[in-house]
Structure formats: C-alpha cells, structure tokens
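Some notes on the structure that comes next.
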Amino acid sequence: MVRFAGALLKLLQSALLRLIALCIGSPRTALAVLVFVVGISLFYGQQVRIAIRTEDFNDPSLQSYQKMNDLKKRFRFEDRLTLIFSKPGELSLDDYCRIQTWIENIRNTVPGIAEVSSVFDLRIPRYADGRLHYPRVLEDACSPAASISGLKDAPAIEQFSSGSGRDSWVHIRIHESEKPFRHGVYDYQVVEEIVARAKQDLPDYELHVGGTLYFQAKVLEGIRWSGYLNILAGLLLFGGFYFFYRSLRASMVLLGALLVAHWIVKGGMAWAGHAIDPLSSCIFMMLTVAIIEDYIFVCHLIRVQRVSYVEAARTLALPSFLTSLTTAIGFAALALSPHQNVVRFGLWAACGAMLEWALVFIAVPTIASWHPRFEHWFDFSRARNDRLNFQATFNRPRRVLVVLLTVLPFVLAIFAFQKEPNLGFSPFQMFESDHELNQFRDYVLREKKSEGEVSLLFPLGHPETETILSQFEKDPFVSGVSSRDRVLRGSIAQLPEDIRGLVREDFKRTPLGKLYSNDRQDRAIVWVRSYDTTQIEAFEKRAIGYCRGVCDLVSEVIVSKDYAQGLLRTLYDSFSASLLLVSPVLIWVCIALRAPILASVISSGWSAFFLLSLVLLMSLRIDVVTSVALSVLIGITGDNIIQFLLFKPDRLSESVQDHGIAAFQSVSLMTVITSVLFLSYFRSPKVLAALLIVGLLLMIIGDVWIFSGLLDLKSRKKVK
C-alpha cells in the first residue's frame, strides 16, 4: 500500500514536471496559446450577461418555481416600480392634488415611462337611465368640487393604499429599451430618475420605494459596485505582498496572474452562457484567496533557499498542485447544490483554482526561462525577516491543551447537530436592514400586516371559490384576501343582476382585472404575514386542506421556502462531500510519505468542524453564504498540511517551523483581502467575509498549532 501510494505520487510529480518542461522547452508556443486564450476570454468577457431578476437566483427545477413562472405568463405580470407617499396623518385633498400634479409632470417629462397606475385611475360603475358608465372615483383632485370621501370604498383600493388613509401608492412601468443591455431590456437610469424626482419634488412626504424594477436596479448597482471592490482587492494584494517581500515587480506578477485568471474565468462564463449574479460577483475574491498561498510559498522558497523561480516552481509543483486540487474540490462540492446559481459558482471557482496553479507554475516559469532577466524580478534581498519573529511567537501548546482543543469542535458538533437549523430565504435578505427595499418591506408589513402574497388559482367561475376564501380569511397567518368578486362586491351591490354580469366582464378586460382572471382561471390574492420558512410550510399544509383539490397555491413566498430548504441540503452535502474528497488526498500523501494520518486529517478538518458547530450553535441563518464559507474553508485548510508534509516529510516539526512563516503570511493576506467584502453593497458578502475571517484564524490554529501539538504528542509516545 505504501509503495503503491508512493509510486502514484512520484508518477504525478513526474507528469507535472514534464508538463512544465514541455512549456519551458517551447516558450513561444506555450505563450502564444496563453495569449490566444486570454484574447478570446477578453472578447467573450465583454458579453457576459448580468443576472438581476429574482427568478435568476432561484432554482428553476423547483415545482413551485415552475408554477410561479407559469402564473406570471398566464396573468401577464409585468415589472414595475412602486412608490408609496405617506404622512403621519391622513392624506388631505390637497395632498392628493400634489401627488396627481406630480404624476402628470413625470408622464410628460420622463420619456421612458410606459404607464402610471394610481388611485386616480380607479373607476366605479354607475347605471342610470339604461346607461352603464364608469366615472373616476377621483377625477381631478385639484378641482374645488373634488372629494376623497369615496376612496376608502373604491373597487381595488387595496392596490393603491394600505387602507389607513395615510398613504397613496403609485405603480409605474417603463418602456423596454430598443437596444438590450447585458443586464436585460430595461434602462434603470429611468427608474433612478423617477425616484430622484419623487424625492426632490415631494419632499414633505415620506417616500418608500419598492417593486421589481427597483429591486433589479439595486441588484445591478450592487454588482457594478463589486467591480470597484475587485480593484481595491487587487491594490491591497499588491501592497500586502510588497509589505512582506519588498519587490514591486514580483507584486506586479502576482497581480497580473490574478487578472489573467479572472479574465479567463469571466470569458468562460460568457462562452457557457452563464451570467454574473450577486454570488458569482465574488469569484474574483475567491480567486484571490486561491492564488495567494501558492505564490507566497514559491516566493518564500526563493527567498530562503536562494533558488531561481523555475527551480522553486519545480520543487513546489506537486504540493501546490495538490493544494490547488483540494481547494478546487472544496468549491466543486457546491455543485451538489440543487440550486443552479450555486452550482455554477462552485464549478467556475474550482476552474479558477486550478487555473491559478497553471499560471503560477507553468506560465510564469515559461516567461522566466524565455527571458532570463525576468528572474531578477524575484530578488527578495530586501524582504522582511519574519523568521525570527515567527519562531519567537510560535510555541508548541501543552499536552492537555492540545487534547482539549483538538476534541472541542467535534464535541460541539454533537450538540450543534441536535439544534433545529435556522432556515429562511427572502430576496430582501440580500440587502442591509436599513436599505430602501427593506424599509419598503417593513412599511408594508407594518401597515398591511403582510410581507408577501400567495396566489390561489381556481377554475373559472367555480361555485366554491367564496367558501374557500372565507376559510383562508380566518387563518391567523393571513392578513387579507382579495378576488375579483370581492373587489367589485360593494360597487355593484345596488345594480341589477344582468348589469352586474356586464360589469364583471368589463372589469376582466381592464389591466387590473387581468390580474384576477384569464380565459381559464380565476385568481385570488392572499396576503401572508411573514416569509418565515417554518410558518410558510405549516400554512401551506393548512391551505391544501382549505382548497380540497379545488384551488392551487402559487407564490414567490413558497418558492423562497423551497429554496431555503434546498440551502440546508447544500450545506450538509457540500460539507460532507468536501471532507470525503479532500481527506483521501491527504491520506494518500500521508501513506506515501509514511506521515501521521490521524494528526494530519484532524488538523485539516479542525477549523471547518469548529466553524460549522459555531454556525449551528449560534443559530446563524443557513444560506448560500454559509455553504460557500465552509466549502472554501475545507478546500484551503488541507493546503498548509500538504505543504508541510511534502517539504520535509521526515522532519515535520522543522517543516512547520520553516513553512509556517509562509502560512502566516498567506493567512494574513487572505484576511486583508477578504475584509474588502465588508464594503460590499450586498449583505451576503459581508457575512461571507466574517465567516471566512473566523475560519482563516481557526485554520492557522489548526494547521500550525494543533498539528504541531499532535506531532509532539506522537513523538513523546515514541520516546516512551
């Protein structure tokens, strides 16, 4: 077994060295291929789509998603901007006059507006002298004869008011652009202009902004902001590396390799038809984390042993290939997620992890051998001498403390897995609690006691519709119910029966009526109080009982619930897969080198188990970010151990001392770069940054301190 593992390891090393030698032997060809790939990637990268719609973040394989998508098509849901103008007291006629005047203003001055719907479009049926007509409830709010007394009972007033009388809701659609953008068909500058005009022209009102168009505009703004954060991360990477090694040119090589890797990954995404979304916008940061360790270990070896870059690359080709492989495995484990955006993120990040190895260990050595002067770029004679500092601060832990710390995360995991996980997903969670979209949601929740809506689909004209809706109305999780008949009930009560039928048919042809009926189905709207996953699941079960097979539930709220449940599967599947795939690589290396298996595996998985236990024990929300953080951590925690094992396999303690400096430098730079995510527009990357930084600190404790302590325990047993 030992011979076979050793032979396999030597075979892999030989193959890698031959690949490096092949490229060094034909530098023009190798570099021409690289330039061609980068050129193609830059071309395709300019065309990569940007995903900003909520349906782009959900899982299209979910039945609830498919139902929701079908509902939008059948009832012709259209993206819109919603503005809520509110005051502490009830709105007066003068308030409605000001709002109506503003609406007419923007209709005439903002060319991108397609339609504006407001309380001023509401009509009420009137029948007299054999004539049916529909006068507006509030024709001209600025007229001396106008009155707002009839607004509260106007048909469909719930679409334009919370019912308190203190607000007025305005819904706006915009035209599709003649020239489509990478992010879709809308020019969101029109949306921003409308919102800016509302704030400027009506400053006396509290403005709450929401709707799908505004959500998309803010997601686009966040993704664009991530581009600036990538620039900042690149500058910090450059400065951080220079701080340790005092070489501007070597810092430029690191930054150049990172940019090339990013361009190729971005081009690959475009070629495959994959879009950039809020999650994949973090790929640049993940590539940065992946490339730091390999490059620093190479430069550390150059500085310590006074060898050339090519020699250092040959020496570290095998260990760094294995560390890049384990990092790629950590990312690729996310492909087990049922959610396509997570799968794509994991696969492209995995490709990037292997790509950075190729650049550091093949492309850079090829350039160095082709132009010997390039070797002078790696002159680290002025580098900081951290060796003495590291040896002075690094002390092996005491035996009792080693044992206690080693078992601590695994003991915590026993209690952690018994806790009910904190599940939940809402598109609003992408943003900070004080973001305009969350303020809009909080206002609606406060005034209408609703956080979302559920659609109930009935066969057209079914006789049990009203009976079933009455049951929903009594449910404690429901804050309100609306249907076509309920909208019209008060306004047609005094009309003759035959005229009522005409009104219903006329209503079906209006834009508002089309939201309630089509040629085959009637739709009712049920407003629910929360996006909470547990409550939604319980409500869904009760709703099935209310419907008795007559109606069908369709909602973004249910899609979010199903998505959240898939996130738990993502967490556990990716975590276990990462461990099951990374551990064999580590065990293989240990067997081949006759190194301590148990100490290596425990030290490698220590930080990941610790972080997972903390997440569960502290009831942190389980989401995509949690899964990504743990998968990344598992992928990179084995890296230092592998470097230690292959550097001096027969003198591991000395290897930890020698390579520990590079490990600390890597973690320090990773922490600084990851901290950039705290400046993200979205909330999720900030949580990812916090989890990764905690994980990185735990990783260095596990890889260096715990590993050294376990080695010391083993050596003491041998002495005895």
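Each chain in the structure tokens gets a letter, A, B and so on, in the order shown; residues start at 1 in every chain, and ligands are counted from 1 in the order they appear.
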
With only C-alpha atoms as the counted atoms, please give the residues lying no more than 10 Å from A:Ser668, apart from itself and same-chain residues fewer than 3 positions off, as a VMD selection string. chain A and resid 240 662 to 665 671 to 674 693 696 to 697 700

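Residue neighbourhood of A:Glu158, excluding near-sequence residues (fewer than 4 positions): Val119, Lys152, Asp153, Ala154, Ser162, Gly163, Trp169, Lys448, Gly480, Ser482 and Val487 of chain A, at 10 Å, using only C-alpha atoms.
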
Keeping N, CA, C and O atoms for every residue in the selection just given, could you write it to a file as a PDB file, in the first residue's frame?
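File produced: again31.pdb:
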ATOM      1  N   VAL A 119     -54.308  55.812  -7.662  1.00  0.00           N
ATOM      2  CA  VAL A 119     -55.673  55.933  -7.164  1.00  0.00           C
ATOM      3  C   VAL A 119     -56.533  56.778  -8.105  1.00  0.00           C
ATOM      4  O   VAL A 119     -57.769  56.645  -8.126  1.00  0.00           O
ATOM      5  N   LYS A 152     -62.119  55.239   0.175  1.00  0.00           N
ATOM      6  CA  LYS A 152     -61.952  54.065   1.030  1.00  0.00           C
ATOM      7  C   LYS A 152     -62.751  52.874   0.551  1.00  0.00           C
ATOM      8  O   LYS A 152     -62.365  51.730   0.778  1.00  0.00           O
ATOM      9  N   ASP A 153     -63.876  53.113  -0.112  1.00  0.00           N
ATOM     10  CA  ASP A 153     -64.735  52.021  -0.582  1.00  0.00           C
ATOM     11  C   ASP A 153     -64.599  51.777  -2.075  1.00  0.00           C
ATOM     12  O   ASP A 153     -65.374  51.007  -2.650  1.00  0.00           O
ATOM     13  N   ALA A 154     -63.638  52.428  -2.710  1.00  0.00           N
ATOM     14  CA  ALA A 154     -63.467  52.272  -4.159  1.00  0.00           C
ATOM     15  C   ALA A 154     -62.996  50.861  -4.497  1.00  0.00           C
ATOM     16  O   ALA A 154     -62.236  50.250  -3.738  1.00  0.00           O
ATOM     17  N   SER A 162     -52.679  51.324   1.748  1.00  0.00           N
ATOM     18  CA  SER A 162     -52.610  50.322   2.809  1.00  0.00           C
ATOM     19  C   SER A 162     -53.924  50.212   3.560  1.00  0.00           C
ATOM     20  O   SER A 162     -54.115  49.307   4.370  1.00  0.00           O
ATOM     21  N   GLY A 163     -54.838  51.159   3.295  1.00  0.00           N
ATOM     22  CA  GLY A 163     -56.133  51.147   3.972  1.00  0.00           C
ATOM     23  C   GLY A 163     -56.191  52.074   5.163  1.00  0.00           C
ATOM     24  O   GLY A 163     -57.254  52.285   5.743  1.00  0.00           O
ATOM     25  N   TRP A 169     -50.269  54.842  -3.105  1.00  0.00           N
ATOM     26  CA  TRP A 169     -49.300  54.023  -3.830  1.00  0.00           C
ATOM     27  C   TRP A 169     -49.392  54.318  -5.324  1.00  0.00           C
ATOM     28  O   TRP A 169     -50.487  54.358  -5.901  1.00  0.00           O
ATOM     29  N   LYS A 448     -49.850  46.967   6.333  1.00  0.00           N
ATOM     30  CA  LYS A 448     -50.789  45.967   5.799  1.00  0.00           C
ATOM     31  C   LYS A 448     -50.687  44.628   6.509  1.00  0.00           C
ATOM     32  O   LYS A 448     -51.394  43.679   6.164  1.00  0.00           O
ATOM     33  N   GLY A 480     -55.116  39.332   4.815  1.00  0.00           N
ATOM     34  CA  GLY A 480     -56.142  39.845   3.913  1.00  0.00           C
ATOM     35  C   GLY A 480     -56.338  38.942   2.715  1.00  0.00           C
ATOM     36  O   GLY A 480     -55.456  38.148   2.360  1.00  0.00           O
ATOM     37  N   SER A 482     -58.147  38.968  -1.370  1.00  0.00           N
ATOM     38  CA  SER A 482     -58.736  39.769  -2.441  1.00  0.00           C
ATOM     39  C   SER A 482     -59.038  38.874  -3.641  1.00  0.00           C
ATOM     40  O   SER A 482     -58.269  37.957  -3.950  1.00  0.00           O
ATOM     41  N   VAL A 487     -63.462  42.558  -4.979  1.00  0.00           N
ATOM     42  CA  VAL A 487     -63.130  43.903  -5.429  1.00  0.00           C
ATOM     43  C   VAL A 487     -64.390  44.646  -5.877  1.00  0.00           C
ATOM     44  O   VAL A 487     -64.583  45.836  -5.586  1.00  0.00           O
TER      45      VAL A 487
END

If we count only C-alpha atoms, what is near A:Trp606 at a cut-off of 12 Å, once residues fewer than 6 positions away on the same chain are taken out, given as a VMD selection string? chain A and resid 405 to 413 579 598 to 600 612 to 613 630 633 to 634 637 to 638 641 695 to 707

Here atom CA of A:Ser426 and atom CA of A:Ala196 stand apart by 26.5 Å

Work out how far apart atom CA of A:Arg76 and atom CA of A:Ile525 are and give it in Å to one decimal.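 Distance between the two atoms: 15.1 Å.
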